[in-house]
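Data first, discussion second: the structure below is written as C-alpha cells.
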Amino acid sequence: MDIKNEERRITDPVMGKPNLEVFAKTLEELAAADRDLVVVTSDSRGSGKLGPFGENFPAQIVETGIAEQNLVGMSAGLASCGKKVFAVSPACFLTARALEQIKNDVAYSDQPVKLIGISAGVSYGALGSTHHSLHDFAVLRTIHNLTIVAPADKFETEESVKWAYGYEHPVYIRFGKKAMPVLHDNNSGFVYGKGIEVRGGNDLAIIATGECVAPALGASLKLEKEKGIKARVISMHTLKPLDMKILFRAARECDGMITVEEHSVYGGLGEACASGLLANGYSLPFKILGIPDEYTVTGSQSEIFTHYGLSPGGIAAAAIKLLKTN
Amino acid sequence: MSLSMDDLRIKSVEYRKKLLKYIKLAGAGHTGGSLSCIDILNVLYNNILNISPELPDKPDRDRYIQSKGHSVEALYVVLADLGFFPEHDLETLCRYGSHYVGHPTRKVKGIEHNTGALGHGLSVSTGIAMAAKMDGNKYKVYTLVGDGELTEGSNWEAALTASHYKLDNLTAIVDYNHLQITGLTMEVCNTDPLEDKFLAFGWHVENISGHDLEEMNRFFREVPLSVGKPTCIIAHTVKGKGVSYMENKKRWHHGVPDDEQFNMAMEELDSSLKFPE
Ligand SMILES: Cc1ncc(C[n+]2csc(CCOP(=O)(O)OP(=O)(O)O)c2C)c(N)n1
Ligand SMILES: [Mg+2]
C-alpha cells in the first residue's frame with residue numbers, strides 16, 4: 001500500500017468502528033452458538049452496548065446492579081460451574097473496586113472469567129479521574145495468572161474476544177468507545193502473546209497498545225513523509241505475557257524505541273518493555289509515552305492525548321528528539 | 001440567614017434552568033439526577049448548612065458530601081449562587097483545561113470531597129462524623145446517595161459502622177427516584193424496602209418528599225431525630241423533575257436537550273413560577 005492509501009486508511013472515520021461495538025457484536029455471535037456463555041453487568045449494559053444482547057439473549061445476561069465487587073465474585077462462581085463468563089464493567093471500576101475479587105476469586109483460584117474493562121484509559125474524558133483507568137495495566141501485571149489484552153482495532157477486538165472465549169484461564173481485555181480506524185487488512189492474525197508489526201521500518205520502533213496504535217501509525221507516516229524517518233509500528237495487544245521476541249528484534253534492528261500507551265507511564269507497557277530489554281542486555285535510546293504522574297488535565301479523550309503528546313504529532317516530535325535528528 | 005419558602009421556590013426554578021443551560025453548553029451532563037436532587041441541595045445550602053464562601057475552611061462548618069457525584073451540575077449551580085465562584089466559570093464545564101469536570105472535585109471551592117465512583121460518600125461521611133465526635137465539634141454531616149447507588153456493598157459497611165458508633169451527627173439523604181442507568185432500580189437489582197434495611201441497621205428513618213421545600217426545611221433542621229442514631233432521610237423524588245418530558249425517563253439520565261427541547265424546558269420552568277401548583 002502506498003503512503004497515501006495508508007494515510008487515508010487511518011484518517012477515514014467511516015471505515016472504523018468503536019471496539020466496544022465490535023465486542024458486543026462478537027459476543028452475540030458467540031452466545032447464539034453457546035447457551036453457557038453468560039454476560040454479567042453492573043448497570044453497565046448500555047455503556048457496554050449490550051442492549052441488543054440483553055434483548056436477544058435474556059437468559060444469558062445477569063445484572064448485579066451497581067456492585068462491581070459482587071459482579072466479579074459472582075462471575076467467578078458462575079465460571080466454576082462451567083459458564084463462560086464475560087464480566088463487563090467500566091475499566092476504572094472493574095479493576096480498582098473489584099481488585100481483590102480479581103486477585104483471589106479469579107486469578108488465584110484460576111477461574112476462567114473474561115474481565116472486560118470498557119471505556120478504558122481516558123475514554124470517559126471530561127468525566128474526570130474517577131472514571132479514568134490509568135492504573136489497570138500496572139496493578140493487573142503484578143497478579144499472577146492473568147492475561148492482559150488491549151486490542152487496537154475491530155479485527156484485534158473480534159479475534160481477541162473469540163480467543164478469550166475459548167481460553168481456560170483468566171483474561172482481562174480493555175478497550176475504548178471511540179471509533180478506531182482499521183489497522184489490518186482482513187484480519188489481524190491475532191495470536192495471544194504475539195505482537196503484530198503493523199508497519200515496517202528500521203530507524204525507530206514504536207511499540208503501542210490499544211487505542212494508541214492508531215496515533216502511532218499516524219506518527220510513523222508523518223515521520224516518513226516529513227523527515228524520511230522509517231519507523232516500525234508494533235501493536236503490542238498482549239501486555240502480559242509480553243512478546244519478548246518481537247521486542248528484542250526491534251531493539252536489534254532499530255536505532256531507538258518509543259512506547260505509547262493510554263495508561264500511566266508507571267507500570268504499564270513502557271516499563272514492561274524497558275525491564276525486558278535491560279534484563280536481557282539490550283540498550284538503546286528509549287522513551288515511554290503515556291499519561292504522566294500528575295493530576296490529569298480535563299478534556300475529551302483526544303484533547304488529553306494531544307495534551308500529553310500521544311497524538312501523531314506528539315509521538316513524531318518525541319521520535320525526532322529521541323533520534324536527535326532535525 | 002434563611003430564605004422564605006417563596007424565595008426557595010424561585011431558586012429551585014432558577015437552578016433548574018441554569019443546570020440545563022450549562023449541561024447544554026457542555027454537551028454533556030447527568031440531567032435527570034441533577035433535576036431530581038436540586039430541591040434537596042437548594043434547602044440544604046440555603047437554609048441548613050453552616051458554611052460560607054468567605055470562610056470555606058472554617059473548622060466548625062457543616063459538611064456536605066455528594067456521594068452521587070454524577071449530579072455535579074446541581075452542586076455547581078448552587079455553589080455559584082452562594083458565591084463560592086463566579087457563575088460564568090461554568091461556561092468552561094467539561095472543557096479542555098477546566099477545573100469544572102463532570103464529577104465533584106476539591107479543585108472547586110466549596111466542594112469537600114472528590115466523588116464520582118459510587119458508594120464512597122457514606123464511608124467518607126462516617127469518618128468526618130466520627131472526627132467531629134472525637135474533637136467535640138458540633139458540626140453536622142450530610143451526604144446524598146442514589147437509590148441505585150445503594151447496591152454498592154460499601155454503603156452497608158458504612159451504615160453498620162455509623163450506627164455502631166452512634167454517629168447521630170450524620171444524615172444520609174437518599175435520592176429515591178426509582179431509576180438508574182439501565183432502568184427501574186426495582187428491576188435492575190431491587191434495593192427496596194429501604195426503610196426496613198436502614199431501620200435494621202440501627203438508623204432513624206424518615207420518608208419525606210424530596211421536592212417539598214417546606215417539609216425538607218423542617219426535617220433537615222431537626223436532625224438528629226433520635227439521639228445516638230444516624231438519620232436516613234428517604235427523599236421521594238422524580239428523576240428529571242420539573243421538565244415533564246424528562247420526568248421518569250431513563251434516557252434522561254445523561255441526555256442533553258437539543259435547542260427545541262431546551263426551549264420547551266425553559267418555557268415550562270418559567271410558567272411553573274407563574275402558576276404555582
Ligand atoms: C462505582 C461506580 N459504578 C458505576 C458508575 C456509573 N454510574 C454513574 S451514575 C449510575 C447510576 C446511578 O443511579 P442512582 O444511584 O439511582 O442515581 P440517580 O438516579 O440519582 O442518577 C451509574 C451506574 C459509577 N459512577 N460508579
Ligand atoms: Mg436513582
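Chain labels run A, B, ... following the order of the C-alpha cells; each chain numbers its residues from 1, and ligands are numbered from 1 in the order shown.
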
When the cut-off is 8 Å and you count only C-alpha atoms and all ligand atoms, which residues lie near ligand 2, shown as an mmCIF file with C-alpha atoms, in the first residue's frame?
data_model
loop_
_atom_site.group_PDB
_atom_site.id
_atom_site.type_symbol
_atom_site.label_atom_id
_atom_site.label_comp_id
_atom_site.auth_asym_id
_atom_site.auth_seq_id
_atom_site.Cartn_x
_atom_site.Cartn_y
_atom_site.Cartn_z
ATOM 1 C CA GLY B 33 -30.326 13.029 38.538
ATOM 2 C CA GLY B 146 -28.642 7.495 44.898
ATOM 3 C CA ASP B 147 -31.115 4.651 45.243
ATOM 4 C CA GLY B 148 -29.300 2.707 42.533
ATOM 5 C CA GLU B 149 -26.019 3.508 44.229
ATOM 6 C CA ASP B 175 -32.454 10.499 46.296
ATOM 7 C CA TYR B 176 -35.230 7.960 45.935
ATOM 8 C CA ASN B 177 -36.169 8.392 42.282
ATOM 9 C CA HIS B 178 -36.540 4.678 41.423
ATOM 10 C CA LEU B 179 -34.316 4.900 38.338
ATOM 11 C CA GLN B 180 -30.695 4.257 37.465
ATOM 12 C CA THR B 185 -33.974 0.130 40.304
ATOM 13 C CA LYS B 239 -35.898 11.804 38.136
#

Closest contacts (chain B/ligand 1, max 10 Å, only C-alpha atoms and all ligand atoms) as JSON lines:
{"residue": "B:His30", "atom": "CA", "partner": "ligand 1", "partner_atom_place_in_ligand_line": "21 (O)", "distance": 7.1}
{"residue": "B:Thr31", "atom": "CA", "partner": "ligand 1", "partner_atom_place_in_ligand_line": "21 (O)", "distance": 8.3}
{"residue": "B:Gly32", "atom": "CA", "partner": "ligand 1", "partner_atom_place_in_ligand_line": "21 (O)", "distance": 6.3}
{"residue": "B:Gly33", "atom": "CA", "partner": "ligand 1", "partner_atom_place_in_ligand_line": "21 (O)", "distance": 3.8}
{"residue": "B:Ser34", "atom": "CA", "partner": "ligand 1", "partner_atom_place_in_ligand_line": "21 (O)", "distance": 7.3}
{"residue": "B:Leu35", "atom": "CA", "partner": "ligand 1", "partner_atom_place_in_ligand_line": "20 (O)", "distance": 9.0}
{"residue": "B:Ser36", "atom": "CA", "partner": "ligand 1", "partner_atom_place_in_ligand_line": "20 (O)", "distance": 6.8}
{"residue": "B:Cys37", "atom": "CA", "partner": "ligand 1", "partner_atom_place_in_ligand_line": "20 (O)", "distance": 7.3}
{"residue": "B:Ser67", "atom": "CA", "partner": "ligand 1", "partner_atom_place_in_ligand_line": "15 (O)", "distance": 8.9}
{"residue": "B:Lys68", "atom": "CA", "partner": "ligand 1", "partner_atom_place_in_ligand_line": "15 (O)", "distance": 6.1}
{"residue": "B:Gly69", "atom": "CA", "partner": "ligand 1", "partner_atom_place_in_ligand_line": "25 (N)", "distance": 7.4}
{"residue": "B:His70", "atom": "CA", "partner": "ligand 1", "partner_atom_place_in_ligand_line": "9 (S)", "distance": 5.8}
{"residue": "B:Ser71", "atom": "CA", "partner": "ligand 1", "partner_atom_place_in_ligand_line": "21 (O)", "distance": 6.7}
{"residue": "B:His103", "atom": "CA", "partner": "ligand 1", "partner_atom_place_in_ligand_line": "25 (N)", "distance": 9.1}
{"residue": "B:Thr115", "atom": "CA", "partner": "ligand 1", "partner_atom_place_in_ligand_line": "25 (N)", "distance": 8.6}
{"residue": "B:Gly116", "atom": "CA", "partner": "ligand 1", "partner_atom_place_in_ligand_line": "25 (N)", "distance": 5.1}
{"residue": "B:Ala117", "atom": "CA", "partner": "ligand 1", "partner_atom_place_in_ligand_line": "26 (N)", "distance": 3.6}
{"residue": "B:Leu118", "atom": "CA", "partner": "ligand 1", "partner_atom_place_in_ligand_line": "26 (N)", "distance": 3.9}
{"residue": "B:Gly119", "atom": "CA", "partner": "ligand 1", "partner_atom_place_in_ligand_line": "1 (C)", "distance": 6.2}
{"residue": "B:His120", "atom": "CA", "partner": "ligand 1", "partner_atom_place_in_ligand_line": "1 (C)", "distance": 8.3}
{"residue": "B:Leu144", "atom": "CA", "partner": "ligand 1", "partner_atom_place_in_ligand_line": "20 (O)", "distance": 9.2}
{"residue": "B:Val145", "atom": "CA", "partner": "ligand 1", "partner_atom_place_in_ligand_line": "15 (O)", "distance": 6.5}
{"residue": "B:Gly146", "atom": "CA", "partner": "ligand 1", "partner_atom_place_in_ligand_line": "15 (O)", "distance": 3.2}
{"residue": "B:Asp147", "atom": "CA", "partner": "ligand 1", "partner_atom_place_in_ligand_line": "16 (O)", "distance": 4.3}
{"residue": "B:Gly148", "atom": "CA", "partner": "ligand 1", "partner_atom_place_in_ligand_line": "16 (O)", "distance": 3.4}
{"residue": "B:Glu149", "atom": "CA", "partner": "ligand 1", "partner_atom_place_in_ligand_line": "15 (O)", "distance": 3.6}
{"residue": "B:Leu150", "atom": "CA", "partner": "ligand 1", "partner_atom_place_in_ligand_line": "15 (O)", "distance": 6.8}
{"residue": "B:Thr151", "atom": "CA", "partner": "ligand 1", "partner_atom_place_in_ligand_line": "15 (O)", "distance": 8.5}
{"residue": "B:Glu152", "atom": "CA", "partner": "ligand 1", "partner_atom_place_in_ligand_line": "1 (C)", "distance": 7.4}
{"residue": "B:Val174", "atom": "CA", "partner": "ligand 1", "partner_atom_place_in_ligand_line": "20 (O)", "distance": 8.6}
{"residue": "B:Asp175", "atom": "CA", "partner": "ligand 1", "partner_atom_place_in_ligand_line": "20 (O)", "distance": 5.7}
{"residue": "B:Tyr176", "atom": "CA", "partner": "ligand 1", "partner_atom_place_in_ligand_line": "20 (O)", "distance": 7.3}
{"residue": "B:Asn177", "atom": "CA", "partner": "ligand 1", "partner_atom_place_in_ligand_line": "19 (O)", "distance": 5.9}
{"residue": "B:His178", "atom": "CA", "partner": "ligand 1", "partner_atom_place_in_ligand_line": "16 (O)", "distance": 6.6}
{"residue": "B:Leu179", "atom": "CA", "partner": "ligand 1", "partner_atom_place_in_ligand_line": "19 (O)", "distance": 4.9}
{"residue": "B:Gln180", "atom": "CA", "partner": "ligand 1", "partner_atom_place_in_ligand_line": "13 (O)", "distance": 3.7}
{"residue": "B:Ile181", "atom": "CA", "partner": "ligand 1", "partner_atom_place_in_ligand_line": "11 (C)", "distance": 4.9}
{"residue": "B:Thr182", "atom": "CA", "partner": "ligand 1", "partner_atom_place_in_ligand_line": "11 (C)", "distance": 7.9}
{"residue": "B:Gly183", "atom": "CA", "partner": "ligand 1", "partner_atom_place_in_ligand_line": "13 (O)", "distance": 9.2}
{"residue": "B:Leu184", "atom": "CA", "partner": "ligand 1", "partner_atom_place_in_ligand_line": "16 (O)", "distance": 8.8}
{"residue": "B:Thr185", "atom": "CA", "partner": "ligand 1", "partner_atom_place_in_ligand_line": "16 (O)", "distance": 7.0}
{"residue": "B:Thr191", "atom": "CA", "partner": "ligand 1", "partner_atom_place_in_ligand_line": "16 (O)", "distance": 10.0}
{"residue": "B:Thr237", "atom": "CA", "partner": "ligand 1", "partner_atom_place_in_ligand_line": "20 (O)", "distance": 9.1}
{"residue": "B:Val238", "atom": "CA", "partner": "ligand 1", "partner_atom_place_in_ligand_line": "19 (O)", "distance": 9.1}
{"residue": "B:Lys239", "atom": "CA", "partner": "ligand 1", "partner_atom_place_in_ligand_line": "19 (O)", "distance": 6.5}
{"residue": "B:Gly240", "atom": "CA", "partner": "ligand 1", "partner_atom_place_in_ligand_line": "21 (O)", "distance": 9.3}
{"residue": "B:Asn248", "atom": "CA", "partner": "ligand 1", "partner_atom_place_in_ligand_line": "19 (O)", "distance": 9.8}
{"residue": "B:Lys250", "atom": "CA", "partner": "ligand 1", "partner_atom_place_in_ligand_line": "19 (O)", "distance": 8.7}
{"residue": "B:Trp252", "atom": "CA", "partner": "ligand 1", "partner_atom_place_in_ligand_line": "21 (O)", "distance": 9.4}
{"residue": "B:His253", "atom": "CA", "partner": "ligand 1", "partner_atom_place_in_ligand_line": "21 (O)", "distance": 6.1}
{"residue": "B:His254", "atom": "CA", "partner": "ligand 1", "partner_atom_place_in_ligand_line": "21 (O)", "distance": 8.6}

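By only C-alpha atoms, and with residues fewer than 2 positions from range 228-235 of chain B along its chain excluded, the set lying at most 6 Å from it is Ser163, Lys166, Leu167, Asp168, Leu170, Thr171, Ala172, Ile173, Val174, Asp175, Tyr176, Trp203, His204, Val205, Glu206, Asn207, Ile208, Ser209, Gly210 and Ser226 of chain B.
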
Those same residues - all heavy atoms - I'd like them written as a compact mmCIF listing (two decimals), in the first residue's frame.
# COMPACT_ATOMS: atom_id res chain seq x y z
N SER B 163 -23.91 3.39 62.75
CA SER B 163 -24.83 3.14 63.87
C SER B 163 -24.08 2.53 65.05
O SER B 163 -24.35 2.85 66.20
CB SER B 163 -26.03 2.31 63.42
OG SER B 163 -25.82 0.95 63.60
N LYS B 166 -22.76 5.23 66.96
CA LYS B 166 -23.80 6.17 67.39
C LYS B 166 -23.58 7.58 66.82
O LYS B 166 -23.66 8.58 67.52
CB LYS B 166 -23.85 6.25 68.92
CG LYS B 166 -24.07 4.90 69.60
CD LYS B 166 -24.28 5.08 71.08
CE LYS B 166 -24.72 3.85 71.84
NZ LYS B 166 -24.28 2.55 71.36
N LEU B 167 -23.29 7.63 65.53
CA LEU B 167 -22.96 8.91 64.89
C LEU B 167 -24.25 9.66 64.53
O LEU B 167 -24.68 9.70 63.37
CB LEU B 167 -22.07 8.68 63.68
CG LEU B 167 -20.74 7.99 63.99
CD1 LEU B 167 -19.92 7.75 62.73
CD2 LEU B 167 -19.92 8.81 65.00
N ASP B 168 -24.84 10.29 65.53
CA ASP B 168 -26.11 10.97 65.28
C ASP B 168 -25.90 12.34 64.63
O ASP B 168 -26.86 13.06 64.37
CB ASP B 168 -26.96 11.07 66.56
CG ASP B 168 -26.23 11.76 67.70
OD1 ASP B 168 -25.13 12.30 67.46
OD2 ASP B 168 -26.77 11.75 68.82
N LEU B 170 -24.65 12.44 61.74
CA LEU B 170 -24.60 12.05 60.32
C LEU B 170 -26.00 11.86 59.76
O LEU B 170 -26.83 11.18 60.36
CB LEU B 170 -23.82 10.72 60.20
CG LEU B 170 -23.81 10.05 58.82
CD1 LEU B 170 -23.07 10.90 57.79
CD2 LEU B 170 -23.16 8.67 58.91
N THR B 171 -26.25 12.47 58.61
CA THR B 171 -27.52 12.28 57.92
C THR B 171 -27.27 11.83 56.49
O THR B 171 -26.54 12.50 55.75
CB THR B 171 -28.32 13.61 57.88
OG1 THR B 171 -28.56 14.04 59.22
CG2 THR B 171 -29.66 13.43 57.16
N ALA B 172 -27.84 10.70 56.13
CA ALA B 172 -27.77 10.26 54.74
C ALA B 172 -29.11 10.55 54.09
O ALA B 172 -30.16 10.18 54.62
CB ALA B 172 -27.47 8.76 54.68
N ILE B 173 -29.07 11.26 52.98
CA ILE B 173 -30.30 11.55 52.25
C ILE B 173 -30.29 10.68 50.99
O ILE B 173 -29.33 10.72 50.22
CB ILE B 173 -30.37 13.04 51.86
CG1 ILE B 173 -30.25 13.92 53.11
CG2 ILE B 173 -31.65 13.34 51.08
CD1 ILE B 173 -29.91 15.36 52.81
N VAL B 174 -31.32 9.87 50.84
CA VAL B 174 -31.41 9.03 49.64
C VAL B 174 -32.26 9.74 48.60
O VAL B 174 -33.40 10.12 48.87
CB VAL B 174 -32.03 7.64 49.96
CG1 VAL B 174 -32.07 6.77 48.70
CG2 VAL B 174 -31.27 6.93 51.07
N ASP B 175 -31.70 9.93 47.42
CA ASP B 175 -32.45 10.50 46.30
C ASP B 175 -33.25 9.33 45.68
O ASP B 175 -32.77 8.63 44.79
CB ASP B 175 -31.47 11.10 45.29
CG ASP B 175 -32.17 11.86 44.18
OD1 ASP B 175 -33.39 11.72 44.03
OD2 ASP B 175 -31.47 12.61 43.46
N TYR B 176 -34.45 9.17 46.22
CA TYR B 176 -35.23 7.96 45.93
C TYR B 176 -36.10 8.18 44.71
O TYR B 176 -37.29 8.43 44.80
CB TYR B 176 -36.07 7.67 47.18
CG TYR B 176 -36.79 6.34 47.21
CD1 TYR B 176 -36.17 5.17 46.78
CD2 TYR B 176 -38.07 6.24 47.73
CE1 TYR B 176 -36.83 3.96 46.83
CE2 TYR B 176 -38.74 5.04 47.80
CZ TYR B 176 -38.11 3.90 47.34
OH TYR B 176 -38.77 2.70 47.40
N TRP B 203 -30.55 2.72 62.16
CA TRP B 203 -30.70 4.14 61.84
C TRP B 203 -32.10 4.63 62.18
O TRP B 203 -33.06 3.87 62.22
CB TRP B 203 -30.45 4.37 60.34
CG TRP B 203 -29.02 4.24 59.93
CD1 TRP B 203 -28.19 3.18 60.15
CD2 TRP B 203 -28.26 5.20 59.19
NE1 TRP B 203 -26.95 3.42 59.60
CE2 TRP B 203 -26.96 4.66 59.00
CE3 TRP B 203 -28.54 6.47 58.66
CZ2 TRP B 203 -25.95 5.35 58.32
CZ3 TRP B 203 -27.54 7.15 57.98
CH2 TRP B 203 -26.26 6.59 57.82
N HIS B 204 -32.21 5.94 62.37
CA HIS B 204 -33.51 6.58 62.40
C HIS B 204 -33.90 6.88 60.95
O HIS B 204 -33.11 7.46 60.22
CB HIS B 204 -33.47 7.87 63.22
CG HIS B 204 -34.80 8.55 63.27
ND1 HIS B 204 -35.65 8.44 64.35
CD2 HIS B 204 -35.46 9.31 62.35
CE1 HIS B 204 -36.76 9.11 64.10
NE2 HIS B 204 -36.67 9.65 62.89
N VAL B 205 -35.11 6.51 60.55
CA VAL B 205 -35.50 6.69 59.15
C VAL B 205 -36.74 7.57 59.03
O VAL B 205 -37.71 7.41 59.79
CB VAL B 205 -35.78 5.32 58.48
CG1 VAL B 205 -36.08 5.50 56.99
CG2 VAL B 205 -34.60 4.38 58.66
N GLU B 206 -36.72 8.50 58.09
CA GLU B 206 -37.91 9.30 57.77
C GLU B 206 -38.14 9.24 56.26
O GLU B 206 -37.19 9.29 55.48
CB GLU B 206 -37.69 10.78 58.14
CG GLU B 206 -37.60 11.05 59.63
CD GLU B 206 -38.93 10.90 60.37
OE1 GLU B 206 -39.99 10.90 59.70
OE2 GLU B 206 -38.88 10.77 61.60
N ASN B 207 -39.39 9.15 55.87
CA ASN B 207 -39.76 9.27 54.46
C ASN B 207 -40.36 10.64 54.25
O ASN B 207 -41.35 10.99 54.89
CB ASN B 207 -40.81 8.21 54.10
CG ASN B 207 -40.18 6.85 53.86
OD1 ASN B 207 -39.67 6.57 52.78
ND2 ASN B 207 -40.19 6.02 54.90
N ILE B 208 -39.75 11.43 53.35
CA ILE B 208 -40.34 12.73 53.05
C ILE B 208 -40.29 12.96 51.53
O ILE B 208 -39.71 12.15 50.81
CB ILE B 208 -39.62 13.89 53.78
CG1 ILE B 208 -38.17 14.05 53.29
CG2 ILE B 208 -39.63 13.69 55.29
CD1 ILE B 208 -37.49 15.28 53.85
N SER B 209 -40.88 14.06 51.09
CA SER B 209 -40.80 14.38 49.67
C SER B 209 -39.53 15.18 49.42
O SER B 209 -39.25 16.15 50.12
CB SER B 209 -42.01 15.21 49.25
OG SER B 209 -41.69 15.91 48.05
N GLY B 210 -38.77 14.76 48.41
CA GLY B 210 -37.54 15.48 48.05
C GLY B 210 -37.81 16.69 47.17
O GLY B 210 -36.88 17.30 46.65
N SER B 226 -33.22 10.98 66.38
CA SER B 226 -33.11 10.12 67.56
C SER B 226 -31.70 10.30 68.11
O SER B 226 -30.74 10.18 67.33
CB SER B 226 -33.28 8.65 67.23
OG SER B 226 -34.53 8.39 66.66

Residues near range 186-202 of chain A, cut-off 8 Å, only C-alpha atoms, skip fewer than 6 positions along chain, as a ChimeraX atom specification: /A:155-156,159-160,163,217,230-243,246,250,253-255

Save the residues we just selected, N, CA, C and O atoms, as an mmCIF file, in the first residue's frame?
data_model
loop_
_atom_site.group_PDB
_atom_site.id
_atom_site.type_symbol
_atom_site.label_atom_id
_atom_site.label_comp_id
_atom_site.auth_asym_id
_atom_site.auth_seq_id
_atom_site.Cartn_x
_atom_site.Cartn_y
_atom_site.Cartn_z
ATOM 1 N N PHE A 155 -10.513 -5.735 14.075
ATOM 2 C CA PHE A 155 -10.039 -7.114 13.887
ATOM 3 C C PHE A 155 -9.436 -7.669 15.173
ATOM 4 O O PHE A 155 -9.748 -8.768 15.599
ATOM 5 N N GLU A 156 -8.547 -6.887 15.759
ATOM 6 C CA GLU A 156 -7.917 -7.355 17.007
ATOM 7 C C GLU A 156 -8.966 -7.577 18.099
ATOM 8 O O GLU A 156 -8.860 -8.506 18.905
ATOM 9 N N GLU A 159 -11.043 -10.818 17.200
ATOM 10 C CA GLU A 159 -10.227 -12.026 17.326
ATOM 11 C C GLU A 159 -9.814 -12.288 18.774
ATOM 12 O O GLU A 159 -9.781 -13.435 19.221
ATOM 13 N N SER A 160 -9.538 -11.233 19.520
ATOM 14 C CA SER A 160 -9.127 -11.461 20.913
ATOM 15 C C SER A 160 -10.310 -11.912 21.763
ATOM 16 O O SER A 160 -10.163 -12.746 22.663
ATOM 17 N N TRP A 163 -10.816 -15.506 20.976
ATOM 18 C CA TRP A 163 -9.763 -16.303 21.613
ATOM 19 C C TRP A 163 -10.053 -16.436 23.127
ATOM 20 O O TRP A 163 -9.989 -17.538 23.682
ATOM 21 N N LEU A 217 0.708 4.811 14.347
ATOM 22 C CA LEU A 217 0.795 4.622 12.902
ATOM 23 C C LEU A 217 0.796 5.984 12.200
ATOM 24 O O LEU A 217 1.559 6.217 11.258
ATOM 25 N N LYS A 230 12.079 6.135 8.922
ATOM 26 C CA LYS A 230 11.225 4.944 8.801
ATOM 27 C C LYS A 230 11.023 4.319 10.175
ATOM 28 O O LYS A 230 11.948 3.770 10.760
ATOM 29 N N ALA A 231 9.813 4.460 10.647
ATOM 30 C CA ALA A 231 9.503 3.963 11.993
ATOM 31 C C ALA A 231 8.619 2.733 11.920
ATOM 32 O O ALA A 231 7.512 2.778 11.384
ATOM 33 N N ARG A 232 9.111 1.670 12.473
ATOM 34 C CA ARG A 232 8.339 0.429 12.589
ATOM 35 C C ARG A 232 7.252 0.627 13.650
ATOM 36 O O ARG A 232 7.502 1.255 14.682
ATOM 37 N N VAL A 233 6.065 0.103 13.385
ATOM 38 C CA VAL A 233 5.000 0.200 14.390
ATOM 39 C C VAL A 233 4.551 -1.202 14.782
ATOM 40 O O VAL A 233 4.245 -2.025 13.915
ATOM 41 N N ILE A 234 4.553 -1.450 16.052
ATOM 42 C CA ILE A 234 4.113 -2.757 16.545
ATOM 43 C C ILE A 234 2.901 -2.592 17.445
ATOM 44 O O ILE A 234 2.901 -1.772 18.358
ATOM 45 N N SER A 235 1.840 -3.351 17.137
ATOM 46 C CA SER A 235 0.689 -3.389 18.038
ATOM 47 C C SER A 235 0.962 -4.459 19.084
ATOM 48 O O SER A 235 0.923 -5.658 18.790
ATOM 49 N N MET A 236 1.257 -4.020 20.292
ATOM 50 C CA MET A 236 1.538 -4.979 21.367
ATOM 51 C C MET A 236 0.224 -5.181 22.115
ATOM 52 O O MET A 236 0.013 -4.662 23.208
ATOM 53 N N HIS A 237 -0.678 -5.921 21.458
ATOM 54 C CA HIS A 237 -2.028 -6.080 22.038
ATOM 55 C C HIS A 237 -2.010 -6.882 23.333
ATOM 56 O O HIS A 237 -2.837 -6.681 24.202
ATOM 57 N N THR A 238 -1.061 -7.820 23.464
ATOM 58 C CA THR A 238 -0.994 -8.581 24.713
ATOM 59 C C THR A 238 0.103 -7.977 25.586
ATOM 60 O O THR A 238 1.270 -7.977 25.206
ATOM 61 N N LEU A 239 -0.283 -7.427 26.725
ATOM 62 C CA LEU A 239 0.709 -6.834 27.622
ATOM 63 C C LEU A 239 1.349 -7.872 28.503
ATOM 64 O O LEU A 239 2.470 -7.719 28.966
ATOM 65 N N LYS A 240 0.589 -8.914 28.756
ATOM 66 C CA LYS A 240 1.117 -9.988 29.581
ATOM 67 C C LYS A 240 0.465 -11.282 29.142
ATOM 68 O O LYS A 240 -0.755 -11.345 29.150
ATOM 69 N N PRO A 241 1.220 -12.272 28.700
ATOM 70 C CA PRO A 241 2.679 -12.267 28.585
ATOM 71 C C PRO A 241 3.155 -11.375 27.434
ATOM 72 O O PRO A 241 2.513 -11.354 26.377
ATOM 73 N N LEU A 242 4.250 -10.689 27.660
ATOM 74 C CA LEU A 242 4.778 -9.748 26.667
ATOM 75 C C LEU A 242 5.614 -10.511 25.634
ATOM 76 O O LEU A 242 6.360 -11.415 25.986
ATOM 77 N N ASP A 243 5.468 -10.109 24.366
ATOM 78 C CA ASP A 243 6.199 -10.753 23.275
ATOM 79 C C ASP A 243 7.651 -10.254 23.261
ATOM 80 O O ASP A 243 7.957 -9.232 22.658
ATOM 81 N N ILE A 246 9.596 -10.200 19.563
ATOM 82 C CA ILE A 246 9.391 -9.074 18.639
ATOM 83 C C ILE A 246 10.077 -7.817 19.199
ATOM 84 O O ILE A 246 10.574 -6.970 18.464
ATOM 85 N N ALA A 250 13.223 -5.808 17.423
ATOM 86 C CA ALA A 250 13.128 -4.367 17.188
ATOM 87 C C ALA A 250 14.339 -3.660 17.791
ATOM 88 O O ALA A 250 14.902 -2.736 17.193
ATOM 89 N N GLU A 253 17.306 -4.184 15.526
ATOM 90 C CA GLU A 253 17.252 -3.644 14.157
ATOM 91 C C GLU A 253 17.033 -2.133 14.081
ATOM 92 O O GLU A 253 17.247 -1.537 13.048
ATOM 93 N N CYS A 254 16.577 -1.518 15.203
ATOM 94 C CA CYS A 254 16.234 -0.094 15.137
ATOM 95 C C CYS A 254 17.187 0.733 16.007
ATOM 96 O O CYS A 254 17.847 0.201 16.903
ATOM 97 N N ASP A 255 17.219 2.049 15.729
ATOM 98 C CA ASP A 255 18.150 2.925 16.457
ATOM 99 C C ASP A 255 17.545 3.511 17.726
ATOM 100 O O ASP A 255 18.232 4.187 18.496
#

Quick one: DSSP strand (DSSP E) residues in range 43-182 of chain A, as a PyMOL selection string? chain A and resi 61-63+84-90+114-118+147-149+171-174+179-180

**Prompt:** Would you give me, as number ranges by chain, the residues in range 80-265 of chain B that DSSP reads as helix (DSSP H, G or I)?
**Reply:** B: 80-82, 87-92, 121-135, 149-151, 153-164, 185-189, 194-200, 213-222, 250-252, 259-265

| said: Can you pull out the residues contacting range 50-53 of chain B? Cut-off 6 Å, using only C-alpha atoms, and skip same-chain residues under 5 positions away; I want them as a list in words. | reply: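 Contacts, with the query itself left out: Arg61, Asp62 and Phe84 of chain B.
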
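Neighbours of Lys321 in chain A closer than or equal to 12 Å, with only C-alpha atoms counted and sequence neighbours fewer than 3 positions away skipped, come out as Leu204, Leu223, Gly256, Met257, Ile258, Pro285, Phe286, Lys287, Gly314, Ile315, Ala316, Ala317, Ala318, Lys324, Thr325 and Asn326 of chain A.
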